[in-house]
file run-v1.tsv (TSV, C-alpha atoms)
chain	number	residue	atom	x	y	z
A	1	MET	CA	25.32	-19.58	-53.80
A	2	ARG	CA	27.87	-16.80	-54.09
A	3	LEU	CA	25.69	-14.48	-51.99
A	4	LYS	CA	25.39	-17.16	-49.32
A	5	SER	CA	29.16	-17.58	-49.24
A	6	ILE	CA	29.66	-13.84	-48.90
A	7	ALA	CA	27.16	-13.73	-46.02
A	8	LEU	CA	28.93	-16.56	-44.24
A	9	LEU	CA	32.27	-14.84	-44.73
A	10	GLY	CA	30.81	-11.67	-43.27
A	11	LEU	CA	29.62	-13.50	-40.17
A	12	LEU	CA	33.04	-15.10	-39.74
A	13	VAL	CA	34.83	-11.74	-39.99
A	14	ALA	CA	32.35	-10.16	-37.56
A	15	SER	CA	32.96	-12.92	-35.04
A	16	MET	CA	36.67	-12.15	-35.14
A	17	LEU	CA	36.28	-8.45	-34.42
A	18	PRO	CA	37.26	-7.19	-30.92
A	19	GLY	CA	34.29	-6.78	-28.61
A	20	SER	CA	31.99	-8.92	-30.76
A	21	ALA	CA	29.33	-11.01	-29.06
A	22	ALA	CA	31.12	-14.20	-30.16
A	23	ARG	CA	34.25	-13.16	-28.24
A	24	ALA	CA	32.48	-11.90	-25.15
A	25	GLU	CA	33.52	-13.60	-21.93
A	26	THR	CA	32.11	-13.84	-18.41
A	27	VAL	CA	34.38	-12.96	-15.50
A	28	SER	CA	33.57	-14.87	-12.31
A	29	VAL	CA	34.10	-12.62	-9.30
A	30	ALA	CA	33.92	-13.50	-5.60
A	31	VAL	CA	32.84	-10.33	-3.79
A	32	ALA	CA	32.74	-9.49	-0.09
A	33	ALA	CA	29.09	-8.94	0.86
A	34	ASN	CA	29.54	-5.26	1.75
A	35	PHE	CA	30.68	-4.50	-1.80
A	36	SER	CA	28.04	-6.51	-3.66
A	37	ASP	CA	25.91	-3.59	-4.89
A	38	ALA	CA	28.93	-1.54	-5.90
A	39	ALA	CA	30.38	-4.55	-7.74
A	40	LYS	CA	27.14	-4.97	-9.69
A	41	ALA	CA	27.29	-1.33	-10.77
A	42	ILE	CA	30.94	-1.69	-11.75
A	43	GLY	CA	30.16	-4.91	-13.60
A	44	ALA	CA	27.47	-3.13	-15.64
A	45	ALA	CA	29.91	-0.35	-16.52
A	46	PHE	CA	32.57	-2.91	-17.44
A	47	LYS	CA	30.14	-4.72	-19.72
A	48	ALA	CA	29.12	-1.47	-21.38
A	49	LYS	CA	32.77	-0.76	-22.16
A	50	THR	CA	34.06	-4.22	-23.09
A	51	GLY	CA	31.07	-6.41	-23.86
A	52	ASN	CA	32.22	-8.88	-21.22
A	53	ASP	CA	29.80	-9.98	-18.49
A	54	VAL	CA	30.58	-10.16	-14.78
A	55	SER	CA	29.16	-12.97	-12.65
A	56	ILE	CA	29.12	-12.02	-8.97
A	57	SER	CA	29.06	-14.40	-6.00
A	58	SER	CA	28.93	-12.58	-2.66
A	59	GLY	CA	29.43	-13.63	0.93
A	60	ALA	CA	31.61	-13.20	3.98
A	61	THR	CA	35.28	-12.91	3.12
A	62	GLY	CA	36.24	-15.96	5.18
A	63	ALA	CA	33.48	-18.07	3.64
A	64	LEU	CA	34.54	-17.04	0.13
A	65	TYR	CA	38.13	-17.94	0.92
A	66	THR	CA	37.01	-21.40	2.02
A	67	GLN	CA	35.25	-21.84	-1.33
A	68	ILE	CA	38.36	-20.64	-3.19
A	69	SER	CA	40.57	-23.05	-1.24
A	70	GLN	CA	38.20	-25.88	-2.17
A	71	GLY	CA	38.50	-25.20	-5.89
A	72	ALA	CA	35.66	-22.79	-6.64
A	73	PRO	CA	36.35	-21.43	-10.16
A	74	PHE	CA	36.36	-17.74	-9.24
A	75	GLU	CA	38.75	-15.67	-11.33
A	76	VAL	CA	38.85	-12.48	-9.26
A	77	PHE	CA	38.49	-11.97	-5.52
A	78	LEU	CA	37.29	-8.68	-4.01
A	79	SER	CA	37.96	-9.16	-0.33
A	80	ALA	CA	36.82	-7.07	2.64
A	81	ASP	CA	40.35	-7.04	4.04
A	82	SER	CA	43.92	-6.94	2.83
A	83	SER	CA	45.20	-10.07	4.54
A	84	THR	CA	43.00	-12.71	2.88
A	85	PRO	CA	44.15	-12.00	-0.71
A	86	LYS	CA	47.77	-12.25	0.48
A	87	LYS	CA	46.89	-15.49	2.26
A	88	ALA	CA	45.38	-16.81	-0.97
A	89	ALA	CA	48.52	-15.93	-2.92
A	90	LYS	CA	50.79	-17.54	-0.33
A	91	ALA	CA	48.70	-20.73	-0.49
A	92	GLY	CA	48.88	-20.79	-4.29
A	93	PHE	CA	45.23	-19.87	-4.89
A	94	ALA	CA	45.98	-16.41	-6.29
A	95	ASP	CA	48.55	-14.73	-8.51
A	96	ALA	CA	51.12	-13.18	-6.18
A	97	GLY	CA	51.72	-9.50	-6.69
A	98	THR	CA	48.37	-8.74	-8.31
A	99	ASP	CA	46.67	-7.60	-5.11
A	100	PHE	CA	45.84	-3.94	-4.56
A	101	THR	CA	43.48	-1.86	-2.43
A	102	TYR	CA	40.30	-1.04	-4.32
A	103	ALA	CA	38.30	0.48	-1.43
A	104	VAL	CA	38.46	1.45	2.23
A	105	GLY	CA	35.23	0.67	4.05
A	106	LYS	CA	33.46	2.56	6.81
A	107	LEU	CA	31.52	1.13	9.75
A	108	VAL	CA	28.11	2.53	10.67
A	109	LEU	CA	25.74	1.89	13.58
A	110	PHE	CA	22.32	1.87	11.91
A	111	SER	CA	18.68	1.45	12.89
A	112	ALA	CA	15.55	1.46	10.76
A	113	GLU	CA	13.96	3.45	13.60
A	114	ALA	CA	14.26	7.18	13.01
A	115	ALA	CA	15.36	8.32	16.46
A	116	LEU	CA	17.05	5.29	17.98
A	117	VAL	CA	20.68	5.87	17.04
A	118	THR	CA	22.14	9.15	18.26
A	119	GLY	CA	25.79	8.17	18.70
A	120	ALA	CA	27.98	6.23	21.11
A	121	ASP	CA	25.53	7.08	23.89
A	122	THR	CA	23.00	4.74	22.24
A	123	LEU	CA	25.35	1.84	22.87
A	124	LYS	CA	26.21	2.94	26.38
A	125	ALA	CA	22.56	3.30	27.36
A	126	GLY	CA	21.77	-0.18	25.99
A	127	LYS	CA	18.04	0.48	25.68
A	128	PHE	CA	17.44	-2.18	23.04
A	129	ASP	CA	17.05	-5.93	22.97
A	130	LYS	CA	19.21	-6.94	20.00
A	131	ILE	CA	22.17	-5.54	18.12
A	132	ALA	CA	23.32	-7.21	14.90
A	133	ILE	CA	26.86	-7.71	13.69
A	134	ALA	CA	28.48	-9.88	11.03
A	135	ASP	CA	30.37	-12.95	12.18
A	136	PRO	CA	33.71	-11.54	13.41
A	137	LYS	CA	35.43	-14.84	12.60
A	138	THR	CA	34.71	-14.62	8.87
A	139	ALA	CA	33.64	-11.03	8.14
A	140	PRO	CA	36.06	-8.10	8.59
A	141	TYR	CA	33.14	-5.74	9.29
A	142	GLY	CA	32.09	-8.01	12.14
A	143	ALA	CA	35.61	-7.94	13.56
A	144	ALA	CA	35.58	-4.14	13.25
A	145	ALA	CA	32.26	-3.99	15.12
A	146	VAL	CA	33.67	-5.99	18.03
A	147	GLU	CA	36.79	-3.83	18.02
A	148	ALA	CA	34.68	-0.65	18.12
A	149	MET	CA	32.51	-1.91	20.98
A	150	ARG	CA	35.60	-2.83	22.97
A	151	ALA	CA	37.12	0.59	22.27
A	152	LEU	CA	33.94	2.22	23.56
A	153	GLY	CA	33.92	-0.01	26.64
A	154	VAL	CA	30.49	-1.52	25.92
A	155	TYR	CA	31.25	-4.98	24.55
A	156	ASP	CA	30.85	-6.92	27.80
A	157	ALA	CA	27.58	-5.19	28.63
A	158	LEU	CA	26.16	-5.79	25.15
A	159	SER	CA	27.50	-9.30	24.44
A	160	SER	CA	24.24	-11.01	25.47
A	161	LYS	CA	22.29	-8.79	23.06
A	162	ILE	CA	24.42	-9.52	20.00
A	163	VAL	CA	22.86	-11.44	17.10
A	164	THR	CA	25.36	-12.62	14.54
A	165	GLY	CA	24.81	-12.75	10.80
A	166	SER	CA	26.84	-15.02	8.55
A	167	SER	CA	27.88	-11.94	6.57
A	168	ILE	CA	27.45	-8.18	6.70
A	169	ALA	CA	24.55	-8.65	4.26
A	170	GLN	CA	22.69	-10.82	6.77
A	171	ALA	CA	23.51	-8.46	9.63
A	172	TYR	CA	21.94	-5.67	7.59
A	173	GLN	CA	18.87	-7.83	6.89
A	174	PHE	CA	18.40	-8.35	10.63
A	175	VAL	CA	18.30	-4.57	11.14
A	176	ASP	CA	16.29	-3.77	8.02
A	177	SER	CA	13.62	-6.32	8.94
A	178	GLY	CA	13.42	-5.18	12.56
A	179	ASN	CA	14.61	-8.50	13.94
A	180	ALA	CA	17.34	-6.43	15.58
A	181	GLU	CA	16.66	-2.83	16.57
A	182	LEU	CA	20.09	-1.72	15.41
A	183	GLY	CA	23.36	-3.09	14.16
A	184	PHE	CA	26.81	-2.43	12.80
A	185	VAL	CA	26.72	-2.38	9.00
A	186	ALA	CA	28.79	-1.04	6.12
A	187	LEU	CA	28.19	2.58	5.13
A	188	SER	CA	27.74	1.34	1.55
A	189	GLN	CA	24.59	-0.53	2.60
A	190	VAL	CA	22.80	2.57	3.89
A	191	VAL	CA	24.48	5.42	2.03
A	192	ASN	CA	21.44	5.95	-0.20
A	193	ARG	CA	18.80	5.46	2.49
A	194	LYS	CA	16.99	8.55	3.70
A	195	ASP	CA	15.14	6.85	6.56
A	196	GLY	CA	16.22	5.42	9.89
A	197	SER	CA	19.02	6.75	12.07
A	198	ARG	CA	22.75	6.20	11.94
A	199	TRP	CA	26.10	7.02	13.46
A	200	LEU	CA	29.34	6.88	11.52
A	201	VAL	CA	31.72	5.11	13.87
A	202	PRO	CA	34.93	7.15	14.32
A	203	GLN	CA	37.88	5.65	12.50
A	204	ALA	CA	39.89	5.83	15.73
A	205	ASP	CA	37.67	3.10	17.20
A	206	TYR	CA	38.62	0.36	14.72
A	207	ALA	CA	41.42	-0.54	12.35
A	208	PRO	CA	40.92	0.71	8.78
A	209	ILE	CA	38.88	-1.73	6.70
A	210	THR	CA	41.28	-1.90	3.77
A	211	GLN	CA	39.69	-3.98	1.03
A	212	ASP	CA	41.98	-5.63	-1.52
A	213	ALA	CA	41.41	-7.30	-4.86
A	214	VAL	CA	43.49	-10.10	-6.36
A	215	LEU	CA	43.63	-12.23	-9.51
A	216	LEU	CA	42.90	-15.86	-8.65
A	217	GLU	CA	44.55	-18.87	-10.28
A	218	PRO	CA	41.57	-19.69	-12.56
A	219	GLY	CA	41.81	-16.16	-13.96
A	220	LYS	CA	45.54	-16.13	-14.75
A	221	ASP	CA	44.96	-16.97	-18.40
A	222	SER	CA	41.83	-14.84	-18.78
A	223	GLN	CA	42.38	-11.48	-20.42
A	224	ALA	CA	38.83	-10.50	-19.43
A	225	ALA	CA	39.61	-11.13	-15.76
A	226	LYS	CA	42.77	-9.04	-16.00
A	227	ASP	CA	40.84	-6.32	-17.81
A	228	PHE	CA	38.24	-6.30	-15.04
A	229	LEU	CA	40.92	-5.77	-12.39
A	230	ALA	CA	42.39	-2.94	-14.48
A	231	PHE	CA	38.92	-1.43	-14.90
A	232	LEU	CA	38.45	-1.53	-11.11
A	233	ARG	CA	41.20	1.12	-10.90
A	234	SER	CA	39.76	3.31	-13.66
A	235	ASP	CA	38.22	6.73	-13.08
A	236	ALA	CA	34.79	5.33	-13.99
A	237	ALA	CA	35.02	2.59	-11.35
A	238	VAL	CA	36.46	4.95	-8.74
A	239	ARG	CA	33.47	7.25	-9.16
A	240	ILE	CA	31.14	4.32	-8.54
A	241	ILE	CA	33.12	3.16	-5.52
A	242	ARG	CA	33.03	6.62	-3.96
A	243	SER	CA	29.31	6.94	-4.65
A	244	PHE	CA	28.76	3.97	-2.32
A	245	GLY	CA	30.53	5.72	0.55
A	246	TYR	CA	33.96	4.15	0.30
A	247	GLU	CA	37.32	5.82	0.28
A	248	VAL	CA	39.65	4.70	-2.48
A	249	GLY	CA	43.10	3.24	-1.96
A	250	GLU	CA	46.16	4.64	-3.64
call {"tool": "encode", "arguments": {"input": "run-v1.tsv", "output": "C-alpha cells"}}
result
Amino acid sequence: MRLKSIALLGLLVASMLPGSAARAETVSVAVAANFSDAAKAIGAAFKAKTGNDVSISSGATGALYTQISQGAPFEVFLSADSSTPKKAAKAGFADAGTDFTYAVGKLVLFSAEAALVTGADTLKAGKFDKIAIADPKTAPYGAAAVEAMRALGVYDALSSKIVTGSSIAQAYQFVDSGNAELGFVALSQVVNRKDGSRWLVPQADYAPITQDAVLLEPGKDSQAAKDFLAFLRSDAAVRIIRSFGYEVGE
C-alpha cells in the first residue's frame, strides 16, 4: 500500500513539473496560406523546445479575419499583411500593441514548365492561356500581383486570362497542376523546387509584403500562445523563416 502511495505521489509531482506532458498545451494559430509550410516547421521546433503543440489553420488573410471576427477561437494570427492585425486590434479581436513584423514576403512569377518564364517579357508577350493569382480582395499576394501587372503595363491585356484562387495556396495549385501555365505565387512556395521556371518580381513593382503577427483575444490568458509569439522572434525561428525565402522584419 505504501509503495502504491509513493508511486501515486511520484506521478503527481511529475505532472507538476514544467514541460511535462500533463501541462502541455496546444496553441491555435491562424496562418496566411503563403506561410503555412514555414509555420509548420516553426511549430515543430516550438514543440521540441517547450512540449506545447501548435494547431495551424491556413487560408487567405481576409478569409481568416472573417473567421476571427465571427468568433473563431484562434489565439495567434500570422497575417500576410500589416494592416489586418491592426484592424483586428482596433475592432477588439486582438491584443493591441502585440503586433510585429515576422516576415517580409516576395512575389514570384512561376511556371511548372521549364522554359516558359523568362522575365517580364513573358507577361508582355502573353503567349499563354491562363495566369493564376490569389484573390486580390482577400489575399495580399493577389493584390501585389495585380499591382505588379499594372506597374508593368500588362494588366489590361492579361485580365481575360486571369484565373483567381481563393488563396495563394490555391493559386499555386492551379500552376502546379497545369490548370494555369503560370502564375504569381509566394517565393516560399517554390524556394525548394528545382524544376520549372521562375522570375523574382522586382520589389519596385509592388509594395513590400510586410507580414505581421498578433496575439488574439482568445490567447490573452494563454502563456503558451505568448511563448509562441516570443519564439517566432527567436534565432531558431528566424533561421527557418529565412530558409523559406522570406526577409525578416526588425
call {"tool": "closest_atom_pairs", "arguments": {"input": "run-v1.tsv", "of": "segment 73-117 of chain A", "to": "segment 169-186 of chain A", "cutoff": "10 Å", "atoms": "all atoms listed in the file", "output": "tab-separated table"}}
result
residue	atom	partner	partner_atom	distance
A:Gly105	CA	A:Ala186	CA	7.0
A:Lys106	CA	A:Ala186	CA	5.9
A:Leu107	CA	A:Ala186	CA	5.0
A:Val108	CA	A:Val185	CA	5.4
A:Leu109	CA	A:Phe184	CA	4.5
A:Phe110	CA	A:Leu182	CA	5.5
A:Ser111	CA	A:Leu182	CA	4.3
A:Ala112	CA	A:Asp176	CA	6.0
A:Glu113	CA	A:Glu181	CA	7.5
A:Leu116	CA	A:Leu182	CA	8.1
A:Val117	CA	A:Leu182	CA	7.8
call {"tool": "write_last_selection", "arguments": {"input": "run-v1.tsv", "atoms": "C-alpha atoms", "output": "CSV table (one decimal), in the frame of the given file"}}
result
chain,number,residue,atom,x,y,z
A,105,GLY,CA,35.2,0.7,4.0
A,106,LYS,CA,33.5,2.6,6.8
A,107,LEU,CA,31.5,1.1,9.8
A,108,VAL,CA,28.1,2.5,10.7
A,109,LEU,CA,25.7,1.9,13.6
A,110,PHE,CA,22.3,1.9,11.9
A,111,SER,CA,18.7,1.4,12.9
A,112,ALA,CA,15.6,1.5,10.8
A,113,GLU,CA,14.0,3.4,13.6
A,116,LEU,CA,17.0,5.3,18.0
A,117,VAL,CA,20.7,5.9,17.0
call {"tool": "residues_around", "arguments": {"input": "run-v1.tsv", "residues": "segment 144-151 of chain A", "least_positions_apart": "5", "cutoff": "8 Å", "atoms": "all atoms listed in the file", "output": "PDB file with C-alpha atoms, keeping the file's coordinate frame"}}
result
ATOM      1  CA  LEU A 107      31.520   1.130   9.750  1.00  0.00           C
ATOM      2  CA  ILE A 133      26.860  -7.710  13.690  1.00  0.00           C
ATOM      3  CA  PRO A 136      33.710 -11.540  13.410  1.00  0.00           C
ATOM      4  CA  ASP A 156      30.850  -6.920  27.800  1.00  0.00           C
ATOM      5  CA  PHE A 184      26.810  -2.430  12.800  1.00  0.00           C
ATOM      6  CA  VAL A 201      31.720   5.110  13.870  1.00  0.00           C
ATOM      7  CA  ASP A 205      37.670   3.100  17.200  1.00  0.00           C
ATOM      8  CA  TYR A 206      38.620   0.360  14.720  1.00  0.00           C
ATOM      9  CA  ALA A 207      41.420  -0.540  12.350  1.00  0.00           C
ATOM     10  CA  ILE A 209      38.880  -1.730   6.700  1.00  0.00           C
TER      11      ILE A 209
END
call {"tool": "residues_around", "arguments": {"input": "run-v1.tsv", "residues": "Ser36 of chain A", "least_positions_apart": "2", "cutoff": "10 Å", "atoms": "all atoms listed in the file", "output": "CSV table (one decimal) with C-alpha atoms, in the frame of the given file"}}
result
chain,number,residue,atom,x,y,z
A,30,ALA,CA,33.9,-13.5,-5.6
A,31,VAL,CA,32.8,-10.3,-3.8
A,32,ALA,CA,32.7,-9.5,-0.1
A,33,ALA,CA,29.1,-8.9,0.9
A,34,ASN,CA,29.5,-5.3,1.8
A,38,ALA,CA,28.9,-1.5,-5.9
A,39,ALA,CA,30.4,-4.6,-7.7
A,40,LYS,CA,27.1,-5.0,-9.7
A,41,ALA,CA,27.3,-1.3,-10.8
A,42,ILE,CA,30.9,-1.7,-11.8
A,56,ILE,CA,29.1,-12.0,-9.0
A,57,SER,CA,29.1,-14.4,-6.0
A,58,SER,CA,28.9,-12.6,-2.7
A,59,GLY,CA,29.4,-13.6,0.9
A,78,LEU,CA,37.3,-8.7,-4.0
A,169,ALA,CA,24.6,-8.6,4.3
A,188,SER,CA,27.7,1.3,1.6
A,189,GLN,CA,24.6,-0.5,2.6
call {"tool": "residues_around", "arguments": {"input": "run-v1.tsv", "residues": "Ile240 of chain A", "least_positions_apart": "6", "cutoff": "12 Å", "atoms": "all atoms listed in the file", "output": "list of chain:residue names"}}
result
A:Phe35, A:Asp37, A:Ala38, A:Ala39, A:Lys40, A:Ala41, A:Ile42, A:Gly43, A:Ala44, A:Ala45, A:Phe46, A:Tyr102, A:Ala103, A:Ser188, A:Phe231, A:Leu232, A:Arg233, A:Ser234, A:Tyr246, A:Glu247, A:Val248
call {"tool": "write_last_selection", "arguments": {"input": "run-v1.tsv", "atoms": "C-alpha atoms", "output": "PDB file, in the coordinates of the input"}}
result
ATOM      1  CA  PHE A  35      30.680  -4.500  -1.800  1.00  0.00           C
ATOM      2  CA  ASP A  37      25.910  -3.590  -4.890  1.00  0.00           C
ATOM      3  CA  ALA A  38      28.930  -1.540  -5.900  1.00  0.00           C
ATOM      4  CA  ALA A  39      30.380  -4.550  -7.740  1.00  0.00           C
ATOM      5  CA  LYS A  40      27.140  -4.970  -9.690  1.00  0.00           C
ATOM      6  CA  ALA A  41      27.290  -1.330 -10.770  1.00  0.00           C
ATOM      7  CA  ILE A  42      30.940  -1.690 -11.750  1.00  0.00           C
ATOM      8  CA  GLY A  43      30.160  -4.910 -13.600  1.00  0.00           C
ATOM      9  CA  ALA A  44      27.470  -3.130 -15.640  1.00  0.00           C
ATOM     10  CA  ALA A  45      29.910  -0.350 -16.520  1.00  0.00           C
ATOM     11  CA  PHE A  46      32.570  -2.910 -17.440  1.00  0.00           C
ATOM     12  CA  TYR A 102      40.300  -1.040  -4.320  1.00  0.00           C
ATOM     13  CA  ALA A 103      38.300   0.480  -1.430  1.00  0.00           C
ATOM     14  CA  SER A 188      27.740   1.340   1.550  1.00  0.00           C
ATOM     15  CA  PHE A 231      38.920  -1.430 -14.900  1.00  0.00           C
ATOM     16  CA  LEU A 232      38.450  -1.530 -11.110  1.00  0.00           C
ATOM     17  CA  ARG A 233      41.200   1.120 -10.900  1.00  0.00           C
ATOM     18  CA  SER A 234      39.760   3.310 -13.660  1.00  0.00           C
ATOM     19  CA  TYR A 246      33.960   4.150   0.300  1.00  0.00           C
ATOM     20  CA  GLU A 247      37.320   5.820   0.280  1.00  0.00           C
ATOM     21  CA  VAL A 248      39.650   4.700  -2.480  1.00  0.00           C
TER      22      VAL A 248
END
call {"tool": "closest_residue", "arguments": {"input": "run-v1.tsv", "among": "A:Asp121, A:Gly245, A:Asn52, A:Thr26", "to": "Arg193 of chain A", "atoms": "only C-alpha atoms"}}
result
A:Gly245
call {"tool": "closest_atom_pairs", "arguments": {"input": "run-v1.tsv", "of": "segment 149-239 of chain A", "to": "segment 79-93 of chain A", "cutoff": "10 Å", "atoms": "all atoms listed in the file", "output": "Markdown table"}}
result
| residue | atom | partner | partner_atom | distance |
| --- | --- | --- | --- | --- |
| A:Pro208 | CA | A:Asp81 | CA | 9.1 |
| A:Ile209 | CA | A:Asp81 | CA | 6.1 |
| A:Thr210 | CA | A:Asp81 | CA | 5.2 |
| A:Gln211 | CA | A:Asp81 | CA | 4.3 |
| A:Asp212 | CA | A:Ser82 | CA | 4.9 |
| A:Ala213 | CA | A:Ser79 | CA | 6.0 |
| A:Val214 | CA | A:Pro85 | CA | 6.0 |
| A:Leu215 | CA | A:Pro85 | CA | 8.8 |
| A:Leu216 | CA | A:Phe93 | CA | 6.0 |
| A:Glu217 | CA | A:Phe93 | CA | 5.5 |
| A:Pro218 | CA | A:Phe93 | CA | 8.5 |
call {"tool": "atom_distance", "arguments": {"input": "run-v1.tsv", "atom1": "atom CA of Thr98 of chain A", "atom2": "atom CA of Ala236 of chain A"}}
result
20.4 Å
call {"tool": "atom_distance", "arguments": {"input": "run-v1.tsv", "atom1": "atom CA of Gly62 of chain A", "atom2": "atom CA of Ala134 of chain A"}}
result
11.5 Å
call {"tool": "closest_residue", "arguments": {"input": "run-v1.tsv", "among": "A:Thr50, A:Ser160, A:Thr118, A:Thr66", "to": "Ser197 of chain A", "atoms": "all atoms listed in the file"}}
result
A:Thr118
call {"tool": "build_atoms", "arguments": {"input": "run-v1.tsv", "residues": "segment 45-53 of chain A", "atoms": "all heavy atoms", "output": "PDB file, keeping the file's coordinate frame"}}
result
ATOM      1  N   ALA A  45      29.073  -1.314 -15.810  1.00  0.00           N
ATOM      2  CA  ALA A  45      29.910  -0.350 -16.520  1.00  0.00           C
ATOM      3  C   ALA A  45      30.993  -1.056 -17.323  1.00  0.00           C
ATOM      4  O   ALA A  45      31.316  -0.662 -18.457  1.00  0.00           O
ATOM      5  CB  ALA A  45      30.526   0.640 -15.536  1.00  0.00           C
ATOM      6  N   PHE A  46      31.540  -2.120 -16.745  1.00  0.00           N
ATOM      7  CA  PHE A  46      32.570  -2.910 -17.440  1.00  0.00           C
ATOM      8  C   PHE A  46      31.992  -3.566 -18.688  1.00  0.00           C
ATOM      9  O   PHE A  46      32.613  -3.564 -19.755  1.00  0.00           O
ATOM     10  CB  PHE A  46      33.117  -3.958 -16.477  1.00  0.00           C
ATOM     11  CG  PHE A  46      34.152  -4.885 -17.075  1.00  0.00           C
ATOM     12  CD1 PHE A  46      35.418  -4.417 -17.378  1.00  0.00           C
ATOM     13  CD2 PHE A  46      33.859  -6.223 -17.309  1.00  0.00           C
ATOM     14  CE1 PHE A  46      36.382  -5.259 -17.919  1.00  0.00           C
ATOM     15  CE2 PHE A  46      34.812  -7.077 -17.843  1.00  0.00           C
ATOM     16  CZ  PHE A  46      36.076  -6.599 -18.149  1.00  0.00           C
ATOM     17  N   LYS A  47      30.781  -4.101 -18.568  1.00  0.00           N
ATOM     18  CA  LYS A  47      30.140  -4.720 -19.720  1.00  0.00           C
ATOM     19  C   LYS A  47      29.859  -3.699 -20.815  1.00  0.00           C
ATOM     20  O   LYS A  47      30.044  -3.976 -22.010  1.00  0.00           O
ATOM     21  CB  LYS A  47      28.845  -5.421 -19.312  1.00  0.00           C
ATOM     22  CG  LYS A  47      28.145  -6.123 -20.489  1.00  0.00           C
ATOM     23  CD  LYS A  47      26.902  -6.874 -20.050  1.00  0.00           C
ATOM     24  CE  LYS A  47      26.266  -7.569 -21.254  1.00  0.00           C
ATOM     25  NZ  LYS A  47      25.072  -8.345 -20.873  1.00  0.00           N
ATOM     26  N   ALA A  48      29.412  -2.519 -20.406  1.00  0.00           N
ATOM     27  CA  ALA A  48      29.120  -1.470 -21.380  1.00  0.00           C
ATOM     28  C   ALA A  48      30.374  -1.082 -22.158  1.00  0.00           C
ATOM     29  O   ALA A  48      30.300  -0.757 -23.347  1.00  0.00           O
ATOM     30  CB  ALA A  48      28.534  -0.254 -20.679  1.00  0.00           C
ATOM     31  N   LYS A  49      31.523  -1.147 -21.506  1.00  0.00           N
ATOM     32  CA  LYS A  49      32.770  -0.760 -22.160  1.00  0.00           C
ATOM     33  C   LYS A  49      33.393  -1.882 -22.975  1.00  0.00           C
ATOM     34  O   LYS A  49      33.923  -1.650 -24.063  1.00  0.00           O
ATOM     35  CB  LYS A  49      33.779  -0.281 -21.111  1.00  0.00           C
ATOM     36  CG  LYS A  49      35.106   0.154 -21.718  1.00  0.00           C
ATOM     37  CD  LYS A  49      36.064   0.677 -20.678  1.00  0.00           C
ATOM     38  CE  LYS A  49      37.372   1.110 -21.342  1.00  0.00           C
ATOM     39  NZ  LYS A  49      38.353   1.638 -20.354  1.00  0.00           N
ATOM     40  N   THR A  50      33.322  -3.115 -22.469  1.00  0.00           N
ATOM     41  CA  THR A  50      34.060  -4.220 -23.090  1.00  0.00           C
ATOM     42  C   THR A  50      33.201  -5.276 -23.754  1.00  0.00           C
ATOM     43  O   THR A  50      33.702  -6.067 -24.555  1.00  0.00           O
ATOM     44  CB  THR A  50      34.938  -4.923 -22.035  1.00  0.00           C
ATOM     45  OG1 THR A  50      34.080  -5.587 -21.088  1.00  0.00           O
ATOM     46  CG2 THR A  50      35.826  -3.935 -21.303  1.00  0.00           C
ATOM     47  N   GLY A  51      31.928  -5.342 -23.359  1.00  0.00           N
ATOM     48  CA  GLY A  51      31.070  -6.410 -23.860  1.00  0.00           C
ATOM     49  C   GLY A  51      31.137  -7.666 -23.027  1.00  0.00           C
ATOM     50  O   GLY A  51      30.348  -8.597 -23.224  1.00  0.00           O
ATOM     51  N   ASN A  52      32.062  -7.703 -22.066  1.00  0.00           N
ATOM     52  CA  ASN A  52      32.220  -8.880 -21.220  1.00  0.00           C
ATOM     53  C   ASN A  52      31.302  -8.798 -19.999  1.00  0.00           C
ATOM     54  O   ASN A  52      31.182  -7.747 -19.373  1.00  0.00           O
ATOM     55  CB  ASN A  52      33.663  -9.020 -20.748  1.00  0.00           C
ATOM     56  CG  ASN A  52      34.607  -9.320 -21.900  1.00  0.00           C
ATOM     57  OD1 ASN A  52      34.286 -10.125 -22.772  1.00  0.00           O
ATOM     58  ND2 ASN A  52      35.762  -8.666 -21.903  1.00  0.00           N
ATOM     59  N   ASP A  53      30.681  -9.913 -19.657  1.00  0.00           N
ATOM     60  CA  ASP A  53      29.800  -9.980 -18.490  1.00  0.00           C
ATOM     61  C   ASP A  53      30.615 -10.202 -17.220  1.00  0.00           C
ATOM     62  O   ASP A  53      31.765 -10.661 -17.261  1.00  0.00           O
ATOM     63  CB  ASP A  53      28.799 -11.127 -18.634  1.00  0.00           C
ATOM     64  CG  ASP A  53      27.676 -10.784 -19.592  1.00  0.00           C
ATOM     65  OD1 ASP A  53      27.062  -9.723 -19.417  1.00  0.00           O
ATOM     66  OD2 ASP A  53      27.410 -11.580 -20.511  1.00  0.00           O
TER      67      ASP A  53
END
